[in-house]
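**Student:** Contents of query13.txt (compact mmCIF, C-alpha atoms) are given next:
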```txt
# COMPACT_ATOMS: atom_id res chain seq x y z
CA GLY A 1 4.34 18.59 -5.28
CA LEU A 2 6.51 18.19 -8.38
CA LEU A 3 3.48 17.98 -10.65
CA VAL A 4 1.72 20.95 -9.08
CA THR A 5 4.88 23.05 -9.41
CA ARG A 6 5.20 21.87 -13.02
CA ARG A 7 8.55 20.15 -12.60
CA TYR A 8 7.37 17.40 -14.89
CA GLU A 9 10.78 16.12 -15.93
CA LEU A 10 11.93 15.58 -12.36
CA ALA A 11 8.56 14.03 -11.56
CA GLY A 12 9.06 11.59 -14.42
CA LEU A 13 12.46 10.58 -13.07
CA VAL A 14 10.99 9.98 -9.60
CA ILE A 15 8.11 7.97 -11.04
CA GLY A 16 10.54 5.75 -12.91
CA ALA A 17 12.53 5.05 -9.75
CA ALA A 18 9.31 4.39 -7.83
CA THR A 19 8.20 1.90 -10.48
CA ALA A 20 11.51 0.09 -10.16
CA ALA A 21 10.87 -0.27 -6.43
CA LYS A 22 7.23 -1.30 -6.82
CA TRP A 23 5.38 -1.86 -10.07
CA PRO A 24 2.23 0.13 -9.11
CA GLY A 25 4.42 3.23 -9.12
CA ALA A 26 3.79 3.33 -12.87
CA LEU A 27 0.22 4.40 -12.12
CA ALA A 28 1.61 7.83 -11.21
CA LEU A 29 2.20 8.34 -14.94
CA VAL A 30 -1.51 9.08 -15.23
CA PRO A 31 -1.41 12.17 -12.96
CA LEU A 32 1.76 13.20 -14.80
CA ALA A 33 -0.07 13.03 -18.12
CA VAL A 34 -3.04 14.90 -16.64
CA ALA A 35 -0.83 17.67 -15.24
CA ALA A 36 1.25 18.11 -18.41
CA TRP A 37 -1.58 17.60 -20.90
CA GLY A 38 -1.08 19.79 -23.94
CA GLN A 39 2.62 20.36 -23.24
CA TRP A 40 3.60 17.47 -25.44
CA ARG A 41 7.35 18.11 -25.62
CA ARG A 42 7.73 18.34 -21.86
CA LEU A 43 5.48 15.33 -21.42
CA ALA A 44 7.68 13.35 -23.81
CA TYR A 45 10.81 14.40 -21.92
CA ALA A 46 9.17 13.41 -18.64
CA GLY A 47 8.23 10.02 -20.08
CA GLY A 48 11.78 9.49 -21.29
CA LEU A 49 13.18 10.40 -17.88
CA ALA A 50 10.70 8.04 -16.25
CA LEU A 51 12.07 5.24 -18.41
CA ALA A 52 15.63 6.30 -17.59
CA GLY A 53 14.89 6.36 -13.87
CA PHE A 54 13.40 2.89 -14.10
CA VAL A 55 16.39 1.49 -15.99
CA ILE A 56 18.92 3.07 -13.62
CA ALA A 57 17.11 1.85 -10.51
CA SER A 58 16.32 -1.61 -11.90
CA PRO A 59 18.75 -2.62 -14.66
CA PHE A 60 17.82 -6.28 -14.13
CA ALA A 61 14.41 -5.62 -15.66
CA VAL A 62 16.11 -4.51 -18.88
CA VAL A 63 18.90 -7.07 -19.01
CA HIS A 64 16.46 -9.91 -18.25
CA VAL A 65 13.30 -8.37 -19.64
CA GLY A 66 11.62 -11.73 -20.29
CA GLU A 67 12.13 -12.97 -16.74
CA ALA A 68 11.07 -9.62 -15.28
CA ALA A 69 7.89 -9.56 -17.37
CA SER A 70 7.13 -13.15 -16.38
CA ASP A 71 7.58 -12.36 -12.68
CA TRP A 72 5.38 -9.28 -13.01
CA TRP A 73 2.62 -11.20 -14.78
CA ARG A 74 2.77 -14.09 -12.32
CA GLY A 75 2.48 -11.75 -9.33
CA LEU A 76 -0.38 -9.85 -10.94
CA SER A 77 -2.20 -13.08 -11.82
CA ARG A 78 -1.88 -14.40 -8.28
CA ALA A 79 -3.19 -11.12 -6.88
CA ARG A 80 -6.15 -11.28 -9.25
CA ASP A 81 -7.13 -14.85 -8.44
CA GLY A 82 -6.61 -14.41 -4.70
CA SER A 83 -3.89 -17.04 -4.36
CA LEU A 84 -1.61 -14.53 -2.60
CA GLY A 85 -3.96 -14.66 0.38
CA ALA A 86 -6.17 -12.09 2.12
CA GLY A 87 -9.09 -13.15 -0.03
CA ASP A 88 -12.68 -12.96 1.14
CA ASP A 89 -16.16 -13.10 -0.29
CA SER A 90 -16.66 -9.34 -0.53
CA PHE A 91 -16.26 -7.30 -3.69
CA SER A 92 -12.92 -5.57 -4.10
CA ALA A 93 -14.52 -2.12 -3.94
CA VAL A 94 -16.16 -2.99 -0.62
CA ALA A 95 -13.05 -4.65 0.82
CA PHE A 96 -10.67 -1.82 -0.04
CA THR A 97 -13.14 0.86 1.05
CA SER A 98 -13.35 -0.99 4.36
CA HIS A 99 -9.55 -0.88 4.65
CA LEU A 100 -9.62 2.86 3.99
CA TRP A 101 -12.25 3.23 6.70
CA ASP A 102 -9.99 1.31 9.08
CA ALA A 103 -7.12 3.66 8.21
CA LEU A 104 -8.96 7.00 8.31
CA GLY A 105 -12.17 6.35 10.18
CA PRO A 106 -14.80 9.09 9.86
CA ALA A 107 -12.16 11.35 8.31
CA LEU A 108 -12.66 9.28 5.16
CA VAL A 109 -16.03 10.99 4.70
CA VAL A 110 -14.33 14.38 4.78
CA ALA A 111 -11.73 13.14 2.28
CA LEU A 112 -14.42 11.91 -0.11
CA ILE A 113 -16.18 15.27 0.10
CA GLY A 114 -12.82 16.87 -0.69
CA LEU A 115 -12.48 14.52 -3.66
CA GLY A 116 -15.88 15.60 -4.92
CA VAL A 117 -14.88 19.25 -4.62
CA ALA A 118 -11.63 18.51 -6.47
CA VAL A 119 -13.52 16.90 -9.34
CA ALA A 120 -15.85 19.89 -9.50
CA ARG A 121 -13.14 22.57 -9.34
CA ARG A 122 -10.55 20.85 -11.55
CA ASP A 123 -7.63 23.17 -11.00
CA SER A 124 -4.10 21.83 -11.44
CA ALA A 125 -3.66 20.35 -7.96
CA ASP A 126 -7.20 18.99 -7.95
CA ARG A 127 -6.72 17.19 -11.25
CA VAL A 128 -3.48 15.58 -10.05
CA LEU A 129 -4.97 14.35 -6.78
CA ALA A 130 -8.28 13.20 -8.23
CA SER A 131 -6.68 11.37 -11.15
CA PHE A 132 -4.34 9.45 -8.85
CA VAL A 133 -7.17 8.38 -6.54
CA ALA A 134 -9.26 7.31 -9.52
CA VAL A 135 -6.60 5.33 -11.40
CA TYR A 136 -5.19 3.67 -8.29
CA PHE A 137 -8.58 2.60 -6.93
CA LEU A 138 -9.61 1.30 -10.34
CA ALA A 139 -6.39 -0.73 -10.47
CA LEU A 140 -7.38 -2.40 -7.20
CA LEU A 141 -10.80 -3.53 -8.39
CA PRO A 142 -9.71 -6.63 -10.39
CA LEU A 143 -7.78 -8.01 -7.40
CA ASP A 144 -9.16 -10.83 -5.28
CA SER A 145 -6.32 -10.49 -2.75
CA HIS A 146 -7.51 -7.74 -0.43
CA PHE A 147 -4.44 -6.87 1.62
CA ASP A 148 -4.92 -3.73 3.68
CA ARG A 149 -1.45 -2.53 2.71
CA TYR A 150 -2.64 -2.11 -0.87
CA VAL A 151 -4.54 1.06 0.07
CA LEU A 152 -1.56 2.76 1.73
CA PRO A 153 -0.69 4.95 -1.31
CA LEU A 154 -4.21 6.38 -1.17
CA VAL A 155 -4.03 7.42 2.48
CA PRO A 156 -1.77 10.51 2.13
CA VAL A 157 -3.61 11.68 -0.98
CA LEU A 158 -6.96 11.38 0.76
CA GLY A 159 -5.42 13.17 3.73
CA VAL A 160 -4.54 16.11 1.50
CA LEU A 161 -8.05 16.15 0.08
CA ALA A 162 -9.52 16.11 3.58
CA GLY A 163 -7.21 18.94 4.64
CA ARG A 164 -8.44 21.30 1.96
CA PHE A 165 -11.20 22.43 4.32
CA THR A 166 -8.96 24.51 6.56
CA SER A 167 -11.80 25.82 8.70
CA PHE A 168 -12.85 22.23 9.36
CA ALA A 169 -9.31 21.00 10.06
CA PRO A 170 -9.67 20.80 13.88
CA VAL A 171 -12.73 18.58 13.50
CA THR A 172 -10.92 16.38 10.97
CA LEU A 173 -8.02 15.95 13.38
CA LEU A 174 -10.44 14.95 16.12
CA LEU A 175 -12.01 12.40 13.79
CA LEU A 176 -8.60 10.79 13.35
CA VAL A 177 -8.66 9.89 17.03
CA VAL A 178 -11.13 7.15 16.12
CA PRO A 179 -8.77 5.08 13.89
CA PHE A 180 -5.98 5.77 16.37
CA ALA A 181 -8.07 4.16 19.10
CA TRP A 182 -8.79 1.22 16.80
CA THR A 183 -5.06 0.78 16.20
CA VAL A 184 -4.29 0.79 19.92
CA ARG A 185 -7.01 -1.79 20.48
CA ASP A 186 -5.83 -4.06 17.67
CA THR A 187 -2.18 -3.97 18.76
CA ARG A 188 -2.86 -4.65 22.44
CA GLU A 189 -2.14 -8.34 21.95
CA LEU A 190 1.41 -7.46 20.93
CA THR A 191 2.10 -6.57 24.57
CA GLU A 192 1.37 -10.14 25.63
CA THR A 193 3.91 -12.97 25.84
CA ASP A 194 5.13 -14.17 22.47
CA THR A 195 3.43 -17.46 21.58
CA GLY A 196 6.78 -18.68 20.26
CA ALA A 197 8.23 -18.34 23.76
CA LEU A 198 5.24 -20.18 25.21
CA ILE A 199 5.63 -23.13 22.86
CA VAL A 200 9.34 -23.41 23.72
CA VAL A 201 8.46 -23.67 27.41
CA PHE A 202 5.75 -26.23 26.63
CA VAL A 203 8.00 -28.46 24.49
CA GLU A 204 10.84 -28.36 27.01
CA ARG A 205 8.47 -29.26 29.85
CA GLU A 206 6.97 -32.14 27.90
CA ALA A 207 10.40 -33.38 26.84
CA ARG A 208 11.68 -33.43 30.42
CA GLY A 209 8.64 -35.40 31.52
CA ALA A 210 8.84 -37.94 28.71
CA ALA A 211 9.43 -41.53 29.85
CA PHE A 212 11.67 -42.29 26.88
CA PRO A 213 13.14 -39.06 25.59
CA GLY A 214 14.50 -39.26 22.10
CA PRO A 215 18.11 -38.41 21.29
CA TRP A 216 17.07 -34.97 20.02
CA VAL A 217 15.86 -34.11 23.52
CA ALA A 218 19.12 -35.16 25.13
CA LEU A 219 21.43 -33.53 22.63
CA HIS A 220 19.56 -30.41 21.52
CA ARG A 221 18.06 -28.07 24.04
CA LEU A 222 15.68 -25.62 22.44
CA PRO A 223 16.90 -22.01 22.61
CA SER A 224 15.03 -19.97 25.17
CA ARG A 225 13.19 -16.83 24.03
CA ARG A 226 12.21 -15.66 27.48
```
Show me this structure written as structure tokens.
**Tutor:**
Amino acid sequence: GLLVTRRYELAGLVIGAATAAKWPGALALVPLAVAAWGQWRRLAYAGGLALAGFVIASPFAVVHVGEAASDWWRGLSRARDGSLGAGDDSFSAVAFTSHLWDALGPALVVALIGLGVAVARRDSADRVLASFVAVYFLALLPLDSHFDRYVLPLVPVLGVLAGRFTSFAPVTLLLLVVPFAWTVRDTRELTETDTGALIVVFVEREARGAAFPGPWVALHRLPSRR
């Protein structure tokens, strides 16, 4: 909203604070540059405020710049080689597109059509939205750790792109019932008994039936989670 309404300086400040909270926030500088392209003085002010927002929100990164840079590079390297986990044999583009499908279901098709229209029309709002989707998705491609949470910043932007077809909005809303049903199905197991509580019951039962219980059984009763 700040970029579309041309409040570039405030947008820069917000981007800086977002980057301090999570490094990928810096990718929002690309839509900022796209929106303010040609207005070099305002773009420079926005960039300066982005830096100021980052420093204010994360002074550690400036005071200990070497350690901060090392931590950033180590985290990025581990995400790229898959050592953070959530790795699989699929290509990053396929894996992250699959996560977007899980999040949006068939509404993703509508969002991609909206993205195509945005690229074709290229007005101010379209350029901002399309540039963010492009730069963020490209930033995901080198990663071998395919966590589904990595696509979360794309979901609201794709939702806006899908919502541009106002006459088709009721159908899009109905399509979102599909991922909602998937979510209900996947979280059903959370209504079952916690496996931690089950293991406590099992250990206590086995300890009581032991012929020669150790001192830890006699002195330390496991806390109940029931």
**Student:** Find the residue from A:Phe165, A:Tyr8, A:Phe147, A:Phe137 that sits nearest to Ala50 of chain A; use all atoms listed in the file when measuring.
**Tutor:** A:Tyr8
**Student:** What is the atom CA of Phe60 of chain A-atom CA of Tyr45 of chain A distance in Å, reported with one decimal?
**Tutor:**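 Atom-to-atom, atom CA of Phe60 of chain A and atom CA of Tyr45 of chain A are spaced 23.2 Å apart.
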**Student:** Select, from A:Pro31, A:Gly53, A:Gly47, A:Gly1, the residue with the minimum atom-to-atom distance to Val14 of chain A, counting all atoms listed in the file.
**Tutor:** A:Gly53
**Student:** Using all atoms listed in the file, which residue out of A:Asp186, A:Glu204, A:Glu9, A:Asp144 lies closest to Val94 of chain A?
**Tutor:**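 Looking at the shortest contact to Val94 of chain A, the residue is A:Asp144.
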**Student:** May I ask which of the residues A:Leu108, A:Ala44, A:Ala11, A:Ala93 is the closest one to Ala28 of chain A, counting all atoms listed in the file?
**Tutor:**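 Using all atoms listed in the file, the shortest distance to Ala28 of chain A belongs to A:Ala11.
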**Student:** Calculate how many Å separate atom CA of Trp101 of chain A from atom CA of Thr172 of chain A, rounding to one decimal.
**Tutor:**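 Computing it gives 13.9 Å between the two atoms.
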**Student:** For a test of reading the model, state the distance in Å between atom CA of Tyr150 of chain A and atom CA of Phe168 of chain A, rounded to one decimal.
**Tutor:** 28.3 Å
**Student:** Give me, as an MDAnalysis selection string, all polymer residues having an atom no more than 7 Å from Asp81 of chain A, counting all atoms listed in the file and skipping those fewer than 3 positions away in the same chain.
**Tutor:** chainID A and resid 77:78 143:144
**Student:** Emit as AutoDock Vina command-line options the padded axis-aligned box for all listed atoms of segment 30-49 of chain A, 3 Å per side, with centre and edge lengths in Å to one decimal.
**Tutor:**
```
--center_x 5.1 --center_y 14.7 --center_z -19.3 --size_x 22.2 --size_y 17.3 --size_z 18.7
```
**Student:** Need the shell around Arg6 of chain A: protein/DNA/RNA residues with any atom at most 10 Å away, counting only C-alpha atoms. Skip same-chain ones fewer than 4 positions apart. Format as a PDB file with C-alpha atoms, keeping the file's coordinate frame?
**Tutor:**
```
ATOM      1  CA  GLY A   1       4.340  18.590  -5.280  1.00  0.00           C
ATOM      2  CA  LEU A   2       6.510  18.190  -8.380  1.00  0.00           C
ATOM      3  CA  LEU A  10      11.930  15.580 -12.360  1.00  0.00           C
ATOM      4  CA  ALA A  11       8.560  14.030 -11.560  1.00  0.00           C
ATOM      5  CA  LEU A  32       1.760  13.200 -14.800  1.00  0.00           C
ATOM      6  CA  ALA A  35      -0.830  17.670 -15.240  1.00  0.00           C
ATOM      7  CA  ALA A  36       1.250  18.110 -18.410  1.00  0.00           C
ATOM      8  CA  ARG A  42       7.730  18.340 -21.860  1.00  0.00           C
ATOM      9  CA  SER A 124      -4.100  21.830 -11.440  1.00  0.00           C
TER      10      SER A 124
END
```
**Student:** Check the smallest atom-to-atom distance from each of A:Leu173, A:Leu154, A:Leu51, A:Val30 to Val128 of chain A using only C-alpha atoms, then report the winner.
**Tutor:**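 Selected residue with least distance to Val128 of chain A: A:Val30.
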